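Source file: protein15.pdb (PDB, C-alpha atoms, pLDDT in the B column)
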ATOM      1  CA  ALA V   7       0.000   0.000   0.000  1.00 49.00           C
ATOM      2  CA  ARG V   8       1.462   3.284  -1.075  1.00 53.00           C
ATOM      3  CA  VAL V   9       0.620   6.274   1.097  1.00 54.00           C
ATOM      4  CA  GLU V  10       1.903   9.809   0.463  1.00 57.00           C
ATOM      5  CA  SER V  11       2.676  11.750   3.589  1.00 59.00           C
ATOM      6  CA  ASP V  12       2.794  15.527   4.127  1.00 62.00           C
ATOM      7  CA  SER V  13       6.563  15.357   4.277  1.00 62.00           C
ATOM      8  CA  GLY V  14       6.761  13.777   0.795  1.00 61.00           C
ATOM      9  CA  VAL V  15       7.907  10.407   2.158  1.00 57.00           C
ATOM     10  CA  VAL V  16       6.178   7.413   0.608  1.00 55.00           C
ATOM     11  CA  ASP V  17       5.099   4.809   3.162  1.00 53.00           C
ATOM     12  CA  LEU V  18       5.014   1.333   1.606  1.00 57.00           C
ATOM     13  CA  SER V  19       4.093  -0.525   4.775  1.00 54.00           C
ATOM     14  CA  ASN V  20       0.702  -1.301   6.184  1.00 53.00           C
ATOM     15  CA  LYS V  21       1.897  -0.625   9.686  1.00 54.00           C
ATOM     16  CA  ARG V  22       0.317   2.825   9.793  1.00 56.00           C
ATOM     17  CA  ARG V  23      -3.107   1.675   8.533  1.00 58.00           C
ATOM     18  CA  LEU V  24      -3.364  -1.908   9.779  1.00 62.00           C
ATOM     19  CA  GLY V  25      -0.894  -1.991  12.608  1.00 67.00           C
ATOM     20  CA  LEU V  26       1.003  -4.785  10.835  1.00 67.00           C
ATOM     21  CA  SER V  27       4.371  -4.928   9.161  1.00 72.00           C
ATOM     22  CA  GLU V  28       4.712  -6.268   5.607  1.00 72.00           C
ATOM     23  CA  LEU V  29       6.084  -9.541   6.946  1.00 76.00           C
ATOM     24  CA  GLU V  30       3.154  -9.928   9.320  1.00 76.00           C
ATOM     25  CA  CYS V  31       0.680  -9.236   6.475  1.00 70.00           C
ATOM     26  CA  VAL V  32       2.296 -11.817   4.216  1.00 76.00           C
ATOM     27  CA  GLN V  33       2.377 -14.370   7.055  1.00 81.00           C
ATOM     28  CA  GLN V  34      -1.319 -13.838   7.768  1.00 82.00           C
ATOM     29  CA  MET V  35      -2.175 -14.205   4.075  1.00 82.00           C
ATOM     30  CA  TYR V  36      -0.132 -17.394   3.870  1.00 81.00           C
ATOM     31  CA  ASP V  37      -1.784 -18.818   6.988  1.00 83.00           C
ATOM     32  CA  GLY V  38      -5.185 -17.941   5.535  1.00 82.00           C
ATOM     33  CA  VAL V  39      -4.480 -19.717   2.245  1.00 83.00           C
ATOM     34  CA  VAL V  40      -3.232 -22.817   4.085  1.00 80.00           C
ATOM     35  CA  HIS V  41      -6.402 -22.787   6.191  1.00 82.00           C
ATOM     36  CA  ILE V  42      -8.633 -22.434   3.110  1.00 84.00           C
ATOM     37  CA  LEU V  43      -6.880 -25.355   1.400  1.00 79.00           C
ATOM     38  CA  LYS V  44      -7.360 -27.475   4.518  1.00 78.00           C
ATOM     39  CA  LEU V  45     -11.075 -26.609   4.608  1.00 79.00           C
ATOM     40  CA  GLU V  46     -11.406 -27.413   0.909  1.00 78.00           C
ATOM     41  CA  LYS V  47      -9.929 -30.879   1.502  1.00 75.00           C
ATOM     42  CA  GLU V  48     -12.367 -31.458   4.347  1.00 73.00           C
ATOM     43  CA  LEU V  49     -15.340 -30.344   2.250  1.00 75.00           C
ATOM     44  CA  THR V  50     -14.417 -32.570  -0.695  1.00 68.00           C
ATOM     45  CA  GLY V  51     -13.709 -35.511   1.577  1.00 65.00           C
ATOM     46  CA  ALA V  52     -10.089 -35.652   0.485  1.00 56.00           C
ATOM     47  CA  LYS V  53      -7.523 -37.288   2.712  1.00 52.00           C
ATOM     48  CA  GLU V  54      -3.861 -36.421   2.858  1.00 49.00           C
ATOM     49  CA  SER V  55      -3.157 -39.571   0.865  1.00 48.00           C
ATOM     50  CA  ASP V  56      -5.530 -38.330  -1.874  1.00 45.00           C
ATOM     51  CA  THR V  57      -3.067 -35.596  -2.704  1.00 50.00           C
ATOM     52  CA  GLU V  58      -0.083 -37.921  -2.891  1.00 67.00           C
ATOM     53  CA  VAL V  59      -0.228 -39.720  -6.229  1.00 77.00           C
ATOM     54  CA  SER V  60       2.808 -41.559  -7.528  1.00 83.00           C
ATOM     55  CA  ARG V  61       4.403 -40.193 -10.683  1.00 83.00           C
ATOM     56  CA  GLU V  62       3.750 -43.492 -12.421  1.00 86.00           C
ATOM     57  CA  ASN V  63       0.034 -43.395 -11.597  1.00 86.00           C
ATOM     58  CA  LEU V  64      -0.196 -39.712 -12.440  1.00 89.00           C
ATOM     59  CA  SER V  65       1.326 -40.387 -15.852  1.00 89.00           C
ATOM     60  CA  ARG V  66      -1.110 -43.260 -16.492  1.00 90.00           C
ATOM     61  CA  TYR V  67      -4.073 -41.178 -15.350  1.00 92.00           C
ATOM     62  CA  ARG V  68      -3.028 -38.296 -17.609  1.00 92.00           C
ATOM     63  CA  GLU V  69      -2.768 -40.625 -20.589  1.00 92.00           C
ATOM     64  CA  ILE V  70      -6.264 -42.001 -19.945  1.00 92.00           C
ATOM     65  CA  PHE V  71      -7.720 -38.549 -19.297  1.00 93.00           C
ATOM     66  CA  ASP V  72      -6.230 -37.211 -22.531  1.00 93.00           C
ATOM     67  CA  LEU V  73      -7.896 -40.001 -24.518  1.00 92.00           C
ATOM     68  CA  PHE V  74     -11.260 -38.535 -23.541  1.00 91.00           C
ATOM     69  CA  ASP V  75     -10.175 -34.886 -23.642  1.00 92.00           C
ATOM     70  CA  ARG V  76      -9.706 -34.871 -27.406  1.00 88.00           C
ATOM     71  CA  ARG V  77     -10.196 -31.112 -27.721  1.00 89.00           C
ATOM     72  CA  HIS V  78      -7.681 -30.422 -24.935  1.00 90.00           C
ATOM     73  CA  GLU V  79     -10.227 -28.404 -22.956  1.00 92.00           C
ATOM     74  CA  GLY V  80      -9.046 -29.778 -19.613  1.00 91.00           C
ATOM     75  CA  CYS V  81     -12.379 -31.470 -18.848  1.00 92.00           C
ATOM     76  CA  ILE V  82     -14.154 -34.714 -19.603  1.00 93.00           C
ATOM     77  CA  THR V  83     -17.637 -35.895 -18.724  1.00 91.00           C
ATOM     78  CA  ALA V  84     -18.163 -37.890 -15.580  1.00 88.00           C
ATOM     79  CA  ASP V  85     -19.547 -40.667 -17.798  1.00 87.00           C
ATOM     80  CA  ASN V  86     -16.027 -41.212 -19.148  1.00 90.00           C
ATOM     81  CA  PHE V  87     -14.819 -41.923 -15.626  1.00 89.00           C
ATOM     82  CA  ALA V  88     -16.333 -45.432 -15.745  1.00 88.00           C
ATOM     83  CA  VAL V  89     -14.325 -46.299 -18.848  1.00 89.00           C
ATOM     84  CA  GLY V  90     -11.225 -44.681 -17.363  1.00 89.00           C
ATOM     85  CA  ILE V  91     -11.334 -46.639 -14.117  1.00 90.00           C
ATOM     86  CA  ARG V  92     -11.847 -49.874 -16.010  1.00 89.00           C
ATOM     87  CA  SER V  93      -8.906 -49.123 -18.275  1.00 88.00           C
ATOM     88  CA  ILE V  94      -6.533 -49.206 -15.287  1.00 86.00           C
ATOM     89  CA  GLY V  95      -7.684 -52.695 -14.360  1.00 84.00           C
ATOM     90  CA  HIS V  96     -10.536 -52.117 -11.919  1.00 87.00           C
ATOM     91  CA  ASN V  97     -14.018 -53.461 -12.531  1.00 86.00           C
ATOM     92  CA  PRO V  98     -16.388 -51.495 -10.298  1.00 89.00           C
ATOM     93  CA  THR V  99     -20.126 -51.956 -10.505  1.00 88.00           C
ATOM     94  CA  LEU V 100     -22.322 -49.149 -11.779  1.00 89.00           C
ATOM     95  CA  ALA V 101     -23.478 -48.607  -8.193  1.00 90.00           C
ATOM     96  CA  GLU V 102     -19.857 -48.210  -7.007  1.00 90.00           C
ATOM     97  CA  ILE V 103     -19.119 -45.688  -9.765  1.00 91.00           C
ATOM     98  CA  THR V 104     -22.282 -43.732  -8.996  1.00 91.00           C
ATOM     99  CA  GLY V 105     -21.353 -43.771  -5.295  1.00 90.00           C
ATOM    100  CA  LEU V 106     -17.856 -42.424  -5.982  1.00 90.00           C
ATOM    101  CA  LEU V 107     -19.269 -39.604  -8.100  1.00 92.00           C
ATOM    102  CA  GLU V 108     -22.030 -38.748  -5.636  1.00 91.00           C
ATOM    103  CA  LYS V 109     -19.550 -38.703  -2.739  1.00 89.00           C
ATOM    104  CA  ARG V 110     -17.797 -35.825  -4.524  1.00 88.00           C
ATOM    105  CA  GLY V 111     -21.071 -34.155  -5.519  1.00 90.00           C
ATOM    106  CA  ILE V 112     -20.697 -35.024  -9.205  1.00 91.00           C
ATOM    107  CA  SER V 113     -23.667 -35.988 -11.374  1.00 87.00           C
ATOM    108  CA  GLU V 114     -23.725 -37.992 -14.598  1.00 81.00           C
ATOM    109  CA  GLY V 115     -22.802 -35.908 -17.612  1.00 83.00           C
ATOM    110  CA  GLN V 116     -21.104 -33.252 -15.472  1.00 91.00           C
ATOM    111  CA  GLN V 117     -17.667 -32.062 -16.563  1.00 93.00           C
ATOM    112  CA  ILE V 118     -14.705 -33.040 -14.383  1.00 93.00           C
ATOM    113  CA  ASP V 119     -11.140 -31.789 -14.577  1.00 93.00           C
ATOM    114  CA  PHE V 120      -7.951 -33.837 -14.343  1.00 92.00           C
ATOM    115  CA  ARG V 121      -7.517 -33.192 -10.621  1.00 91.00           C
ATOM    116  CA  THR V 122     -11.013 -34.508  -9.874  1.00 92.00           C
ATOM    117  CA  PHE V 123     -10.492 -37.463 -12.223  1.00 92.00           C
ATOM    118  CA  THR V 124      -7.294 -38.336 -10.346  1.00 91.00           C
ATOM    119  CA  MET V 125      -8.948 -37.986  -6.925  1.00 89.00           C
ATOM    120  CA  LEU V 126     -11.777 -40.270  -8.041  1.00 91.00           C
ATOM    121  CA  LEU V 127      -9.375 -42.921  -9.330  1.00 90.00           C
ATOM    122  CA  GLU V 128      -7.268 -42.765  -6.174  1.00 87.00           C
ATOM    123  CA  SER V 129     -10.296 -42.943  -3.860  1.00 86.00           C
ATOM    124  CA  TYR V 130     -11.650 -46.165  -5.389  1.00 85.00           C
ATOM    125  CA  GLU V 131     -11.025 -49.178  -3.196  1.00 80.00           C
ATOM    126  CA  PRO V 132     -11.902 -52.419  -4.965  1.00 76.00           C
ATOM    127  CA  LYS V 133     -13.701 -55.073  -2.989  1.00 72.00           C
ATOM    128  CA  GLN V 134     -11.426 -57.850  -1.836  1.00 65.00           C
ATOM    129  CA  VAL V 135     -12.442 -61.242  -3.145  1.00 62.00           C
ATOM    130  CA  ASP V 136     -12.301 -63.992  -0.547  1.00 63.00           C
ATOM    131  CA  ILE V 137     -10.422 -66.686  -2.453  1.00 68.00           C
ATOM    132  CA  ASN V 138     -11.019 -69.188   0.346  1.00 70.00           C
ATOM    133  CA  LYS V 139     -14.757 -68.738  -0.041  1.00 71.00           C
ATOM    134  CA  ALA V 140     -14.448 -69.468  -3.754  1.00 68.00           C
ATOM    135  CA  PHE V 141     -12.519 -72.665  -3.053  1.00 70.00           C
ATOM    136  CA  ARG V 142     -15.008 -73.754  -0.374  1.00 73.00           C
ATOM    137  CA  THR V 143     -17.685 -73.645  -3.074  1.00 74.00           C
ATOM    138  CA  PHE V 144     -15.880 -76.470  -4.888  1.00 71.00           C
ATOM    139  CA  ASP V 145     -14.820 -78.347  -1.750  1.00 73.00           C
ATOM    140  CA  ARG V 146     -18.044 -80.258  -1.069  1.00 71.00           C
ATOM    141  CA  ASN V 147     -16.766 -82.533   1.671  1.00 74.00           C
ATOM    142  CA  GLY V 148     -14.572 -79.944   3.395  1.00 74.00           C
ATOM    143  CA  ASP V 149     -11.320 -81.878   3.043  1.00 75.00           C
ATOM    144  CA  GLY V 150      -9.458 -79.006   1.386  1.00 71.00           C
ATOM    145  CA  PHE V 151      -9.288 -80.651  -2.027  1.00 71.00           C
ATOM    146  CA  VAL V 152     -11.142 -79.419  -5.080  1.00 65.00           C
ATOM    147  CA  ILE V 153      -9.609 -81.553  -7.848  1.00 61.00           C
ATOM    148  CA  ARG V 154     -12.400 -84.128  -8.088  1.00 59.00           C
ATOM    149  CA  ARG V 155     -15.035 -81.405  -8.150  1.00 54.00           C
ATOM    150  CA  THR V 156     -13.130 -79.559 -10.894  1.00 58.00           C
ATOM    151  CA  GLU V 157     -12.938 -82.773 -12.923  1.00 59.00           C
ATOM    152  CA  GLU V 158     -16.700 -83.288 -12.476  1.00 62.00           C
ATOM    153  CA  MET V 159     -17.387 -79.726 -13.613  1.00 60.00           C
ATOM    154  CA  MET V 160     -15.226 -80.045 -16.700  1.00 58.00           C
ATOM    155  CA  THR V 161     -16.765 -83.341 -17.798  1.00 59.00           C
ATOM    156  CA  SER V 162     -20.343 -82.268 -17.014  1.00 58.00           C
ATOM    157  CA  ARG V 163     -19.941 -79.229 -19.267  1.00 56.00           C
ATOM    158  CA  GLY V 164     -18.896 -81.340 -22.207  1.00 56.00           C
ATOM    159  CA  ASN V 165     -15.128 -81.014 -21.769  1.00 52.00           C
ATOM    160  CA  ARG V 166     -13.972 -84.601 -21.946  1.00 53.00           C
ATOM    161  CA  SER V 167     -10.629 -84.305 -20.257  1.00 51.00           C
ATOM    162  CA  LEU V 168      -7.891 -86.688 -21.022  1.00 52.00           C
ATOM    163  CA  ASP V 169      -6.766 -88.684 -18.038  1.00 52.00           C
ATOM    164  CA  GLU V 170      -3.332 -87.029 -18.317  1.00 56.00           C
ATOM    165  CA  GLU V 171      -4.804 -83.545 -18.125  1.00 61.00           C
ATOM    166  CA  VAL V 172      -6.829 -84.382 -15.039  1.00 51.00           C
ATOM    167  CA  GLU V 173      -3.786 -85.930 -13.380  1.00 55.00           C
ATOM    168  CA  ASP V 174      -1.708 -82.839 -14.231  1.00 59.00           C
ATOM    169  CA  MET V 175      -4.226 -80.700 -12.396  1.00 53.00           C
TER     170      MET V 175
END
Structure translated into structure tokens:
Amino acid sequence: ARVESDSGVVDLSNKRRLGLSELECVQQMYDGVVHILKLEKELTGAKESDTEVSRENLSRYREIFDLFDRRHEGCITADNFAVGIRSIGHNPTLAEITGLLEKRGISEGQQIDFRTFTMLLESYEPKQVDINKAFRTFDRNGDGFVIRRTEEMMTSRGNRSLDEEVEDM
């Protein structure tokens, strides 16, 4: 702030008007910006880990995002998110995708920028498949072996296995 005085001296500080030195003003502005960023993270539901994306993932996400952002406008539709998340190897249900978008206040067809796209990808946590449960399905007698059941399945579906193949399994 530039203030002319009667003596012709130019006062560049805010001390006279605000009671603060330049350093104190800058520090307060900095603290305010940090506080606003913290509040923004809280409002969007972001965690500290949401902001830490590996360079490798960031590069992959950018490549996928750019496939949909053909005009280089910096935005894609939220509908493209489903294709994007599947292209990195996840297979979420439509309900899971809708939930992720709704959690961030995003509706279908809405435009999302790269930052939001990245946060959505990073926030997805695929359901863990219980492999033991899958094996128990085939282990009828509970002895921990599924080979006979697998053989039965293969032959009942028309796959006449050679004895060697069954023994190899």
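Against the coordinates shown, the PyMOL selection byres ((chain V and resi 94) around 10) returns V:Asn63, V:Arg66, V:Tyr67, V:Ile70, V:Val89, V:Gly90, V:Ile91, V:Arg92, V:Ser93, V:Gly95, V:His96, V:Asn97, V:Leu127.
Taking CA of Arg68 (chain V) as the reference point, CA of Thr124 (chain V) is found at 8.4 Å.
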Starting from the PyMOL selection byres ((chain V and resi 113-123) around 9), expand the selection into actual residues of this file and give them as a JSON list (two decimals) with C-alpha atoms, in the frame of the given file.
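And here's selection_1.json as it stands now:
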[["chain", "number", "residue", "atom", "x", "y", "z"],
["V", 67, "TYR", "CA", -4.07, -41.18, -15.35],
["V", 68, "ARG", "CA", -3.03, -38.30, -17.61],
["V", 71, "PHE", "CA", -7.72, -38.55, -19.30],
["V", 80, "GLY", "CA", -9.05, -29.78, -19.61],
["V", 81, "CYS", "CA", -12.38, -31.47, -18.85],
["V", 82, "ILE", "CA", -14.15, -34.71, -19.60],
["V", 83, "THR", "CA", -17.64, -35.90, -18.72],
["V", 84, "ALA", "CA", -18.16, -37.89, -15.58],
["V", 85, "ASP", "CA", -19.55, -40.67, -17.80],
["V", 86, "ASN", "CA", -16.03, -41.21, -19.15],
["V", 87, "PHE", "CA", -14.82, -41.92, -15.63],
["V", 90, "GLY", "CA", -11.22, -44.68, -17.36],
["V", 104, "THR", "CA", -22.28, -43.73, -9.00],
["V", 107, "LEU", "CA", -19.27, -39.60, -8.10],
["V", 108, "GLU", "CA", -22.03, -38.75, -5.64],
["V", 110, "ARG", "CA", -17.80, -35.83, -4.52],
["V", 111, "GLY", "CA", -21.07, -34.16, -5.52],
["V", 112, "ILE", "CA", -20.70, -35.02, -9.20],
["V", 124, "THR", "CA", -7.29, -38.34, -10.35],
["V", 125, "MET", "CA", -8.95, -37.99, -6.92],
["V", 126, "LEU", "CA", -11.78, -40.27, -8.04],
["V", 127, "LEU", "CA", -9.38, -42.92, -9.33],
["V", 128, "GLU", "CA", -7.27, -42.76, -6.17]]
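Atom pair CA of Val40 (chain V) / CA of Val59 (chain V): separated by 20.0 Å.
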Edge lengths and centre in Å to one decimal, as JSON, of the axis-aligned box that encloses all listed atoms of region 117-132 of chain V with 4 Å added on every side?
{"center_x": -12.5, "center_y": -42.1, "center_z": -9.9, "size_x": 18.4, "size_y": 28.6, "size_z": 21.4}
Between CA of Glu48 (chain V) and CA of Gln34 (chain V) lies a distance of 21.1 Å
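In this comparison, which uses all atoms listed in the file, the residue of V:Asp145, V:Ser65, V:Lys109, V:Asp75 approaching Ser129 (chain V) most closely is V:Lys109.
If all atoms listed in the file are the atoms counted, then among V:Glu102, V:Asp37, V:Glu69, V:Glu46 the closest residue to Lys133 (chain V) is V:Glu102.
Distances from V:Ser60, V:Asn138, V:His41, V:His78 to Gly150 (chain V) were compared using all atoms listed in the file, and the smallest one belongs to V:Asn138.
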